[in-house]
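What's in protein.csv: CSV, C-alpha atoms
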chain,number,residue,atom,x,y,z
R,1,MET,CA,79.7,21.0,-11.9
R,2,LYS,CA,77.9,22.4,-14.7
R,3,ILE,CA,74.2,21.7,-14.5
R,4,VAL,CA,73.0,21.0,-18.0
R,5,LEU,CA,69.6,22.4,-18.9
R,6,SER,CA,68.3,20.3,-21.8
R,7,TRP,CA,65.7,20.9,-24.4
R,8,GLU,CA,67.2,24.2,-25.6
R,9,ARG,CA,66.3,23.0,-29.0
R,10,THR,CA,63.5,20.8,-30.4
R,11,ARG,CA,64.2,17.3,-29.3
R,12,LEU,CA,64.0,14.3,-31.5
R,13,MET,CA,63.4,11.4,-29.3
R,14,HIS,CA,61.0,9.5,-31.6
R,15,ILE,CA,60.8,9.3,-35.4
R,16,PRO,CA,59.7,12.8,-36.6
R,17,ASP,CA,57.8,13.5,-39.8
R,18,GLY,CA,60.0,13.7,-42.8
R,19,PHE,CA,62.2,10.7,-42.1
R,20,LEU,CA,59.8,8.1,-43.5
R,21,THR,CA,58.4,8.1,-47.0
R,22,PRO,CA,54.6,8.2,-47.4
R,23,PRO,CA,54.2,4.5,-48.3
R,24,VAL,CA,56.1,3.5,-45.2
R,25,TRP,CA,54.3,5.8,-42.7
R,26,ALA,CA,50.9,5.2,-44.3
R,27,ALA,CA,51.2,1.4,-44.1
R,28,LEU,CA,52.3,1.7,-40.4
R,29,ASP,CA,49.5,4.1,-39.5
R,30,ALA,CA,47.0,1.8,-41.2
R,31,GLY,CA,48.4,-1.2,-39.3
R,32,ALA,CA,48.7,0.5,-36.0
R,33,ILE,CA,45.1,1.7,-35.7
R,34,PRO,CA,43.3,-1.7,-35.8
R,35,ALA,CA,46.1,-3.3,-33.7
R,36,VAL,CA,45.8,-0.8,-30.9
R,37,GLY,CA,42.0,-1.1,-31.1
R,38,TYR,CA,42.3,-4.9,-30.7
R,39,PHE,CA,44.6,-4.5,-27.6
R,40,LEU,CA,42.2,-1.8,-26.2
R,41,ARG,CA,39.3,-4.3,-26.4
R,42,ARG,CA,41.4,-7.0,-24.9
R,43,THR,CA,42.3,-4.7,-22.0
R,44,GLN,CA,38.6,-3.7,-21.5
R,45,GLU,CA,37.6,-7.4,-21.3
R,46,ASN,CA,40.4,-8.8,-19.2
R,47,PHE,CA,42.1,-6.1,-17.1
R,48,GLU,CA,42.0,-6.8,-13.4
R,49,GLN,CA,39.9,-4.1,-11.6
R,50,SER,CA,42.2,-4.0,-8.6
R,51,ARG,CA,45.1,-2.9,-10.8
R,52,VAL,CA,43.3,0.1,-12.3
R,53,PRO,CA,45.2,2.7,-10.2
R,54,LEU,CA,48.4,1.5,-11.9
R,55,LEU,CA,47.2,2.5,-15.3
R,56,GLY,CA,47.5,6.2,-14.5
R,57,VAL,CA,50.6,6.2,-12.3
R,58,LEU,CA,52.7,3.9,-14.5
R,59,GLY,CA,51.8,5.8,-17.6
R,60,ALA,CA,52.8,9.0,-15.8
R,61,PHE,CA,56.0,7.5,-14.5
R,62,VAL,CA,57.1,6.2,-18.0
R,63,PHE,CA,56.3,9.6,-19.5
R,64,ALA,CA,58.4,11.3,-16.9
R,65,ALA,CA,61.2,8.8,-17.2
R,66,GLN,CA,61.3,9.2,-21.0
R,67,MET,CA,62.0,12.9,-20.5
R,68,ILE,CA,65.2,12.2,-18.6
R,69,ASN,CA,68.2,11.5,-20.9
R,70,PHE,CA,71.3,10.0,-19.5
R,71,PRO,CA,74.7,9.8,-21.2
R,72,ILE,CA,75.5,6.4,-22.8
R,73,TRP,CA,78.4,7.1,-25.1
R,74,THR,CA,80.5,10.0,-26.1
R,75,GLY,CA,78.2,12.7,-27.3
R,76,THR,CA,75.1,10.4,-27.2
R,77,SER,CA,72.4,9.9,-24.6
R,78,GLY,CA,69.6,7.5,-24.0
R,79,HIS,CA,66.4,7.3,-22.0
R,80,LEU,CA,64.0,4.7,-20.7
R,81,VAL,CA,61.3,3.7,-23.1
R,82,GLY,CA,59.5,1.5,-20.6
R,83,GLY,CA,57.8,-1.1,-22.9
R,84,ALA,CA,59.0,-4.1,-20.8
R,85,LEU,CA,58.2,-2.3,-17.5
R,86,LEU,CA,54.6,-1.6,-18.6
R,87,ALA,CA,54.2,-5.1,-20.0
R,88,LEU,CA,55.3,-6.8,-16.9
R,89,THR,CA,53.2,-4.7,-14.6
R,90,LEU,CA,50.0,-4.1,-16.5
R,91,GLY,CA,50.1,-7.1,-18.9
R,92,PRO,CA,50.9,-6.7,-22.6
R,93,SER,CA,47.5,-5.6,-23.9
R,94,ALA,CA,47.1,-2.7,-21.4
R,95,ALA,CA,50.8,-1.9,-21.8
R,96,VAL,CA,50.2,-1.4,-25.6
R,97,VAL,CA,47.3,1.0,-24.9
R,98,VAL,CA,49.2,3.0,-22.2
R,99,MET,CA,52.3,3.3,-24.3
R,100,THR,CA,50.2,4.4,-27.3
R,101,ALA,CA,48.6,7.1,-25.0
R,102,ILE,CA,52.1,8.3,-24.1
R,103,LEU,CA,53.2,8.5,-27.7
R,104,VAL,CA,50.0,10.3,-28.7
R,105,VAL,CA,50.5,12.9,-25.9
R,106,GLN,CA,54.2,13.3,-26.8
R,107,ALA,CA,53.4,13.9,-30.5
R,108,LEU,CA,50.4,16.2,-30.0
R,109,VAL,CA,51.4,18.3,-27.0
R,110,PHE,CA,55.2,18.1,-26.9
R,111,GLN,CA,56.1,17.8,-30.6
R,112,ASP,CA,58.1,14.7,-30.0
R,113,GLY,CA,57.6,12.2,-32.8
R,114,GLY,CA,55.7,13.1,-36.0
R,115,LEU,CA,52.0,12.9,-36.4
R,116,LEU,CA,52.2,11.1,-39.7
R,117,ALA,CA,55.0,8.9,-38.2
R,118,LEU,CA,52.8,8.2,-35.1
R,119,GLY,CA,51.9,4.7,-36.5
R,120,ALA,CA,55.6,3.9,-36.9
R,121,ASN,CA,56.4,5.0,-33.3
R,122,VAL,CA,53.4,3.1,-32.0
R,123,VAL,CA,54.4,-0.1,-33.9
R,124,ASN,CA,58.1,0.2,-32.8
R,125,MET,CA,57.6,1.0,-29.1
R,126,ALA,CA,54.0,0.3,-28.1
R,127,ILE,CA,53.5,-3.0,-30.0
R,128,ILE,CA,56.9,-4.5,-30.8
R,129,GLY,CA,58.6,-3.0,-27.8
R,130,VAL,CA,56.0,-4.1,-25.4
R,131,TRP,CA,55.7,-7.7,-26.7
R,132,ALA,CA,59.4,-8.1,-27.0
R,133,GLY,CA,59.7,-7.0,-23.4
R,134,TYR,CA,57.0,-9.3,-22.3
R,135,LEU,CA,58.0,-12.6,-23.9
R,136,PRO,CA,61.3,-13.4,-22.1
R,137,ALA,CA,59.4,-13.2,-18.8
R,138,LYS,CA,56.6,-15.2,-20.2
R,139,TRP,CA,59.1,-17.9,-21.2
R,140,LEU,CA,61.7,-17.6,-18.4
R,141,GLY,CA,60.2,-15.7,-15.6
R,142,ARG,CA,58.0,-18.2,-13.7
R,143,ARG,CA,60.6,-19.1,-11.1
R,144,ALA,CA,61.6,-16.4,-8.8
R,145,GLY,CA,65.3,-16.8,-9.6
R,146,SER,CA,64.9,-16.2,-13.3
R,147,ARG,CA,62.4,-13.4,-13.0
R,148,ARG,CA,65.0,-10.6,-12.6
R,149,VAL,CA,67.0,-12.0,-15.4
R,150,ALA,CA,63.9,-12.1,-17.6
R,151,ALA,CA,63.0,-8.5,-16.7
R,152,PHE,CA,66.5,-7.4,-17.6
R,153,VAL,CA,66.5,-9.4,-20.8
R,154,GLY,CA,63.0,-8.1,-21.6
R,155,GLY,CA,64.1,-4.5,-21.2
R,156,TRP,CA,67.1,-5.0,-23.4
R,157,LEU,CA,65.2,-7.0,-26.0
R,158,SER,CA,62.4,-4.4,-26.0
R,159,LEU,CA,64.7,-1.7,-27.1
R,160,MET,CA,66.6,-3.9,-29.6
R,161,ALA,CA,63.4,-5.1,-31.3
R,162,GLY,CA,62.0,-1.5,-31.5
R,163,ALA,CA,65.4,-0.3,-32.9
R,164,LEU,CA,65.4,-3.1,-35.5
R,165,PHE,CA,61.9,-2.2,-36.7
R,166,ALA,CA,62.8,1.5,-36.8
R,167,SER,CA,65.9,0.6,-38.8
R,168,ILE,CA,63.8,-1.4,-41.3
R,169,GLU,CA,61.4,1.5,-41.7
R,170,LEU,CA,64.3,4.0,-42.2
R,171,TRP,CA,66.0,1.7,-44.6
R,172,ALA,CA,62.7,1.3,-46.6
R,173,SER,CA,62.6,5.1,-46.7
R,174,GLN,CA,66.1,5.1,-48.1
R,175,VAL,CA,67.5,7.6,-45.6
R,176,ALA,CA,70.9,6.0,-45.4
R,177,PRO,CA,72.9,2.9,-46.5
R,178,ALA,CA,71.6,-0.3,-44.9
R,179,GLY,CA,74.9,-1.4,-43.3
R,180,ALA,CA,75.6,1.9,-41.5
R,181,LEU,CA,72.0,2.4,-40.5
R,182,PHE,CA,71.5,-1.1,-39.0
R,183,ALA,CA,74.9,-1.2,-37.4
R,184,SER,CA,74.6,2.2,-35.7
R,185,MET,CA,70.9,1.8,-34.7
R,186,LEU,CA,71.4,-1.7,-33.2
R,187,GLY,CA,74.8,-0.8,-31.7
R,188,ILE,CA,73.6,2.3,-29.8
R,189,HIS,CA,70.4,0.6,-28.7
R,190,ALA,CA,72.3,-2.5,-27.5
R,191,LEU,CA,74.1,-0.1,-25.1
R,192,THR,CA,71.0,1.9,-24.1
R,193,GLY,CA,69.2,-1.5,-23.7
R,194,LEU,CA,71.5,-2.4,-20.8
R,195,ALA,CA,70.2,0.6,-18.9
R,196,GLU,CA,66.6,-0.2,-20.0
R,197,GLY,CA,67.1,-3.7,-18.6
R,198,ALA,CA,68.6,-2.6,-15.4
R,199,ILE,CA,65.8,0.0,-14.7
R,200,THR,CA,63.1,-2.5,-15.7
R,201,ALA,CA,64.5,-5.1,-13.3
R,202,ALA,CA,65.0,-2.6,-10.5
R,203,SER,CA,61.5,-1.2,-10.8
R,204,LEU,CA,60.0,-4.6,-10.8
R,205,ALA,CA,62.1,-5.6,-7.8
R,206,ALA,CA,60.7,-2.5,-6.0
R,207,ILE,CA,57.1,-3.5,-6.8
R,208,GLU,CA,57.7,-7.0,-5.8
R,209,ARG,CA,58.9,-5.8,-2.4
R,210,LEU,CA,56.0,-3.5,-2.0
R,211,ASN,CA,53.4,-6.0,-3.2
R,212,PRO,CA,54.8,-9.6,-3.3
R,213,GLY,CA,53.5,-11.8,-6.0
R,214,PHE,CA,51.9,-9.0,-7.9
R,215,VAL,CA,54.3,-8.2,-10.7
R,216,TYR,CA,54.4,-11.4,-12.5
R,217,ALA,CA,50.8,-12.4,-12.0
R,218,GLY,CA,50.0,-12.4,-15.7
R,219,LEU,CA,52.9,-14.7,-16.6
R,220,GLY,CA,51.1,-17.9,-16.6
R,221,ASN,CA,51.6,-18.8,-12.9
R,222,PRO,CA,49.1,-21.5,-12.0
R,223,PRO,CA,46.6,-20.4,-9.4
R,224,ARG,CA,47.8,-21.3,-6.0
R,225,LYS,CA,44.3,-22.5,-5.1
R,226,ALA,CA,41.4,-22.9,-7.4
R,227,SER,CA,39.2,-20.9,-4.9
R,228,GLN,CA,41.3,-17.8,-5.6
R,229,ILE,CA,39.7,-17.4,-9.0
R,230,GLU,CA,36.4,-17.0,-7.3
R,231,THR,CA,37.7,-14.8,-4.5
R,232,GLY,CA,39.1,-12.4,-7.0
R,233,ASP,CA,42.7,-12.9,-6.4
R,234,PRO,CA,44.3,-10.9,-9.2
R,235,LEU,CA,47.2,-13.4,-9.6
R,236,ALA,CA,44.9,-16.3,-10.1
R,237,ARG,CA,42.4,-14.4,-12.2
R,238,GLN,CA,44.9,-13.0,-14.7
R,239,ALA,CA,46.5,-16.4,-15.0
R,240,ALA,CA,43.2,-17.9,-15.7
R,241,ALA,CA,42.3,-15.3,-18.2
R,242,GLY,CA,45.7,-15.9,-19.9
R,243,GLU,CA,46.3,-12.1,-19.8
H,1,MET,CA,42.4,0.4,-3.2
H,2,ALA,CA,44.2,-2.8,-2.1
H,3,HIS,CA,46.9,-2.1,0.4
H,4,GLY,CA,49.8,-3.3,-1.7
H,5,ILE,CA,48.6,-1.4,-4.7
H,6,ALA,CA,48.4,1.8,-2.7
H,7,LYS,CA,52.0,1.4,-1.7
H,8,THR,CA,53.0,0.8,-5.3
H,9,VAL,CA,51.1,3.8,-6.5
H,10,ARG,CA,52.6,6.0,-3.9
H,11,PHE,CA,56.1,4.8,-4.7
H,12,PHE,CA,55.8,5.5,-8.4
H,13,ALA,CA,54.0,8.8,-7.7
H,14,ILE,CA,57.0,10.0,-5.6
H,15,VAL,CA,59.5,8.8,-8.1
H,16,THR,CA,57.6,10.5,-10.9
H,17,ALA,CA,57.5,13.8,-9.0
H,18,LEU,CA,61.2,13.6,-8.4
H,19,LEU,CA,61.9,12.9,-12.0
H,20,VAL,CA,59.8,15.9,-13.1
H,21,LEU,CA,61.2,18.3,-10.4
H,22,LEU,CA,64.8,17.3,-10.3
H,23,GLY,CA,65.5,14.9,-13.1
H,24,VAL,CA,65.2,17.6,-15.7
H,25,LEU,CA,68.1,19.5,-14.1
H,26,LEU,CA,70.4,16.5,-14.4
H,27,ALA,CA,69.3,15.2,-17.8
H,28,SER,CA,71.9,15.0,-20.5
H,29,SER,CA,71.4,17.4,-23.3
H,30,MET,CA,73.3,15.2,-25.7
H,31,PRO,CA,71.3,13.9,-28.7
H,32,ASP,CA,69.8,10.5,-28.2
H,33,GLY,CA,70.5,7.4,-30.3
H,34,LEU,CA,68.2,8.2,-33.2
H,35,GLU,CA,69.1,11.9,-33.3
H,36,ARG,CA,72.8,11.1,-33.2
H,37,ILE,CA,72.5,8.6,-36.0
H,38,ALA,CA,70.4,11.0,-38.1
H,39,GLU,CA,73.2,13.6,-37.7
H,40,THR,CA,76.0,11.2,-38.4
H,41,LEU,CA,74.4,9.6,-41.4
H,42,GLY,CA,73.2,12.9,-42.7
H,43,PHE,CA,69.4,12.6,-42.7
H,44,ALA,CA,68.7,14.8,-39.7
H,45,GLY,CA,67.8,17.6,-42.0
H,46,ARG,CA,64.8,15.7,-43.3
H,47,ALA,CA,62.9,16.2,-40.0
H,48,GLU,CA,59.8,18.3,-40.3
H,49,HIS,CA,58.4,20.0,-37.2
H,50,GLY,CA,55.3,21.6,-38.6
H,51,ALA,CA,52.3,19.7,-37.3
H,52,ALA,CA,52.5,20.2,-33.6
H,53,ALA,CA,54.7,23.4,-33.6
H,54,TRP,CA,51.7,25.4,-32.4
H,55,SER,CA,51.8,23.7,-29.1
H,56,PRO,CA,53.1,26.0,-26.3
H,57,PHE,CA,54.7,22.9,-24.8
H,58,ALA,CA,56.7,21.9,-27.9
H,59,GLY,CA,60.0,20.4,-27.0
H,60,TYR,CA,59.0,19.7,-23.4
H,61,GLU,CA,59.3,23.4,-22.4
H,62,ALA,CA,56.4,25.7,-21.6
H,63,ALA,CA,56.9,28.7,-24.0
H,64,PHE,CA,55.2,31.1,-21.6
H,65,VAL,CA,57.6,30.5,-18.6
H,66,GLU,CA,60.8,32.3,-18.4
H,67,SER,CA,62.9,30.1,-16.2
H,68,SER,CA,64.1,27.1,-18.2
H,69,TRP,CA,63.8,24.8,-15.2
H,70,LEU,CA,60.2,25.9,-14.4
H,71,ALA,CA,59.3,25.7,-18.1
H,72,GLN,CA,60.4,22.0,-18.2
H,73,VAL,CA,58.7,21.3,-14.8
H,74,ALA,CA,55.5,22.8,-16.1
H,75,ALA,CA,55.7,20.7,-19.3
H,76,GLY,CA,56.5,17.6,-17.4
H,77,ALA,CA,53.7,18.1,-14.9
H,78,LEU,CA,51.2,18.6,-17.8
H,79,GLY,CA,52.4,15.4,-19.4
H,80,VAL,CA,52.1,13.5,-16.1
H,81,ALA,CA,48.6,14.9,-15.5
H,82,LEU,CA,47.5,14.0,-19.0
H,83,LEU,CA,48.8,10.4,-18.8
H,84,TRP,CA,47.4,9.9,-15.3
H,85,GLY,CA,44.0,11.2,-16.5
H,86,LEU,CA,44.1,9.0,-19.6
H,87,GLY,CA,45.0,6.0,-17.4
H,88,ALA,CA,42.1,6.7,-15.1
H,89,LEU,CA,39.8,7.2,-18.1
H,90,LEU,CA,40.8,3.8,-19.5
H,91,GLY,CA,40.1,2.3,-16.1
H,92,THR,CA,36.5,3.6,-16.3
H,93,THR,CA,35.9,1.8,-19.6
H,94,LEU,CA,36.8,-1.7,-18.3
H,95,LYS,CA,34.0,-4.2,-18.5
H,96,LYS,CA,32.8,-5.3,-15.1
H,97,ARG,CA,33.4,-9.0,-14.7
H,98,GLY,CA,31.6,-11.6,-12.6
H,99,GLU,CA,31.5,-10.7,-9.0
H,100,GLY,CA,33.6,-13.1,-6.9
Mind converting the file's structure to C-alpha cells?
Amino acid sequence: MKIVLSWERTRLMHIPDGFLTPPVWAALDAGAIPAVGYFLRRTQENFEQSRVPLLGVLGAFVFAAQMINFPIWTGTSGHLVGGALLALTLGPSAAVVVMTAILVVQALVFQDGGLLALGANVVNMAIIGVWAGYLPAKWLGRRAGSRRVAAFVGGWLSLMAGALFASIELWASQVAPAGALFASMLGIHALTGLAEGAITAASLAAIERLNPGFVYAGLGNPPRKASQIETGDPLARQAAAGE
Amino acid sequence: MAHGIAKTVRFFAIVTALLVLLGVLLASSMPDGLERIAETLGFAGRAEHGAAAWSPFAGYEAAFVESSWLAQVAAGALGVALLWGLGALLGTTLKKRGEG
C-alpha cells in the first residue's frame, strides 16, 4: 500500500484570495465582523462555565480533523468541517466564535483560505454552516430517538448550506457559469455531507456515552426540576438561557 | 472540572493527537471539492497566495523540517496548540453569572 503524503503543494481547502471579486469579499468581510462580534458577546454572556474546557479541546479537534482529507469520489477528497459538531456541543453562538478562530488561524498561519476572503469563509462555515447544523437538532432533536438523525441531518445540511452560499459568492464573482457551478458544488458537497453527518452523529454519540444528557443541553429541553437552575445544572441553565 | 467533562476532554484530546500524529499519513492528497471544481471549471488559476505566504507553516507543513511527516505533525501540533489556547482565552472572558 502506498502511503500518501499530502500537502506537497499549497492546499486550497477554503476560498482563497482571487476567486471573489472585491465587491463580494468586501461585503462579506463587512458583514462578518459585526456578526461574529455579536455572537462573541452572546457567548460571553450565556456560555456555561462548566463547559469551558470544551472550547479549547473541540476547537483543536475540529482543526485537526479538517486537516485530514478522505476520498469521496474519483480524484476528489473531502474533510470534516465541523460546524454542526461545534454547534451541538458548545451551542451555536460559541460555535460561531470557535469556528471563526479556526478559520483565522488557518488563513494567517497555514495559508488556507484568503485573508480578504476570510469574511466569506466565516459567513459560509462559521455562521451559515454552524446555524444550519444546529437547527435540525433544535427542531427534531429533543427526543432521544431523533437526536442522532438530527445530528446526521445537521452535519449534512451544514455542508450543503455552506456550499450553497459559497456557490452564490462564486457566481456573483462570475468565475464560472451558474449551472455548472451550482450543480458541481452542491453535488460534491451532498456526498461529503454524508461523511460530515456520520462523523457528527458518531462524535455526539461518544460524548453522550461519556457524559449522558450533556450534548443536547442547549436544545430547548425543559429543566428536569426547577431547582436545577439554581443548583447550576448546565442542562437546565442553558435551556433557561435559551442558548 | 466536572467528571463527565474531564472524560469528554480526554477523549477528544486523544483523538486529536491521533489525527495529528497518524491521520496525516493516511490523508488523501486528492483535491477537495472546491479545488476540484475550480480545476474542472477553469478558475483555479485565479487563486492568489500572497498574503500569508511568509508563514513557515504555509500549506500545513513546517518549512524548516525535512521529513514530510514530521513537518505536517509540527504544523498540526502548532494549530492544535493555537486553537486550544484561543479556546482557553475565550473561556477567561466569560462573564461570571449568579452563583448558584
Inset, instruction - For atom CA of H:Leu18 and atom CA of R:Glu48, determine how far apart the two atoms are, in Å to one decimal place. - result: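 Interatomic distance here is 28.5 Å.
Among the candidates R:Ser50, R:Asp29, R:Gln111, R:Val96, the one nearest to R:Met13 when counting all atoms listed in the file is R:Gln111.
Using only C-alpha atoms, the nearest neighbour of chain R within the list H:Val15, H:Ala38, H:Ala75, H:Ala58 is H:Ala58.
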Legend entry - Å distance separating atom CA of R:Ala26 from atom CA of R:Leu115, one decimal place: 11.1 Å
Inset, instruction - Extract, using only C-alpha atoms, all DNA, RNA and protein residues at most 8 Å from H:Val80, discarding same-chain residues fewer than 4 positions from it, and format them as a PyMOL selection string. - result: (chain R and resi 59-61+63-64) or (chain H and resi 76+84)
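For R:Ser173, the set of protein, DNA and RNA residues having any atom at most 9 Å away, when counting all atoms listed in the file and skipping those fewer than 3 positions along the same chain, is Phe19, Leu20, Thr21, Pro22, Pro23, Val24, Ile168, Glu169, Leu170 and Ala176 of chain R.
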Inset, instruction - Quick one: pull the distance between atom CA of R:Met160 and atom CA of R:Ser77, Å, one decimal. - result: 15.8 Å
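Proximity ranking of H:Met30, H:Thr92, H:Arg10, H:Gly45 relative to chain R places H:Met30 first, based on all atoms listed in the file.
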Inset, instruction - Check the smallest atom-to-atom distance from each of R:His189, R:Glu196, R:Asn124, R:Ile33 to chain H using only C-alpha atoms, then report the winner. - result: R:His189
Legend entry - Pick from H:Leu82, H:Leu89, H:Val20, H:Ala6 nearest to R:Gln106, counting only C-alpha atoms: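 So, comparing all the options, the nearest one is H:Leu82.
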Legend entry - Residue nearest H:Leu34 among R:Pro53, R:Gly197, R:Gly179, R:Gly187 (counting only C-alpha atoms): R:Gly187
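Close to (64.5, 15.2, -13.8), meaning no more than 9 Å away when counting all atoms listed in the file, sit the residues Ala64, Ala65, Met67, Ile68 and Asn69 of chain R; Thr16, Ala17, Leu18, Leu19, Val20, Leu21, Leu22, Gly23, Val24, Leu25, Leu26, Ala27 and Val73 of chain H.
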Excluding H:Pro31 and any residue of its chain fewer than 2 positions from it, enumerate the residues within 8 Å of it, using all atoms listed in the file, and give them as a JSON list (two decimals) with C-alpha atoms, keeping the file's coordinate frame.
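So result_35.json came out as:
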[["chain", "number", "residue", "atom", "x", "y", "z"],
["R", 11, "ARG", "CA", 64.20, 17.30, -29.30],
["R", 12, "LEU", "CA", 64.00, 14.30, -31.50],
["R", 75, "GLY", "CA", 78.20, 12.70, -27.30],
["R", 76, "THR", "CA", 75.10, 10.40, -27.20],
["R", 77, "SER", "CA", 72.40, 9.90, -24.60],
["H", 29, "SER", "CA", 71.40, 17.40, -23.30],
["H", 33, "GLY", "CA", 70.50, 7.40, -30.30],
["H", 34, "LEU", "CA", 68.20, 8.20, -33.20],
["H", 35, "GLU", "CA", 69.10, 11.90, -33.30],
["H", 36, "ARG", "CA", 72.80, 11.10, -33.20]]
Inset, instruction - Pick out the residues sitting within 9 Å of R:Ala202, and hand them over as a PyMOL selection string; count all atoms listed in the file, and ignore anything fewer than 6 positions along from it in its own chain. - result: chain R and resi 148+151-152
Inset, instruction - May I have the residues within 7 Å of R:His14 as a list in words, using only C-alpha atoms and disregarding those fewer than 5 positions away in the same chain? - result: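 Result of the neighbour search: Asp112, Gly113 and Asn121 of chain R.
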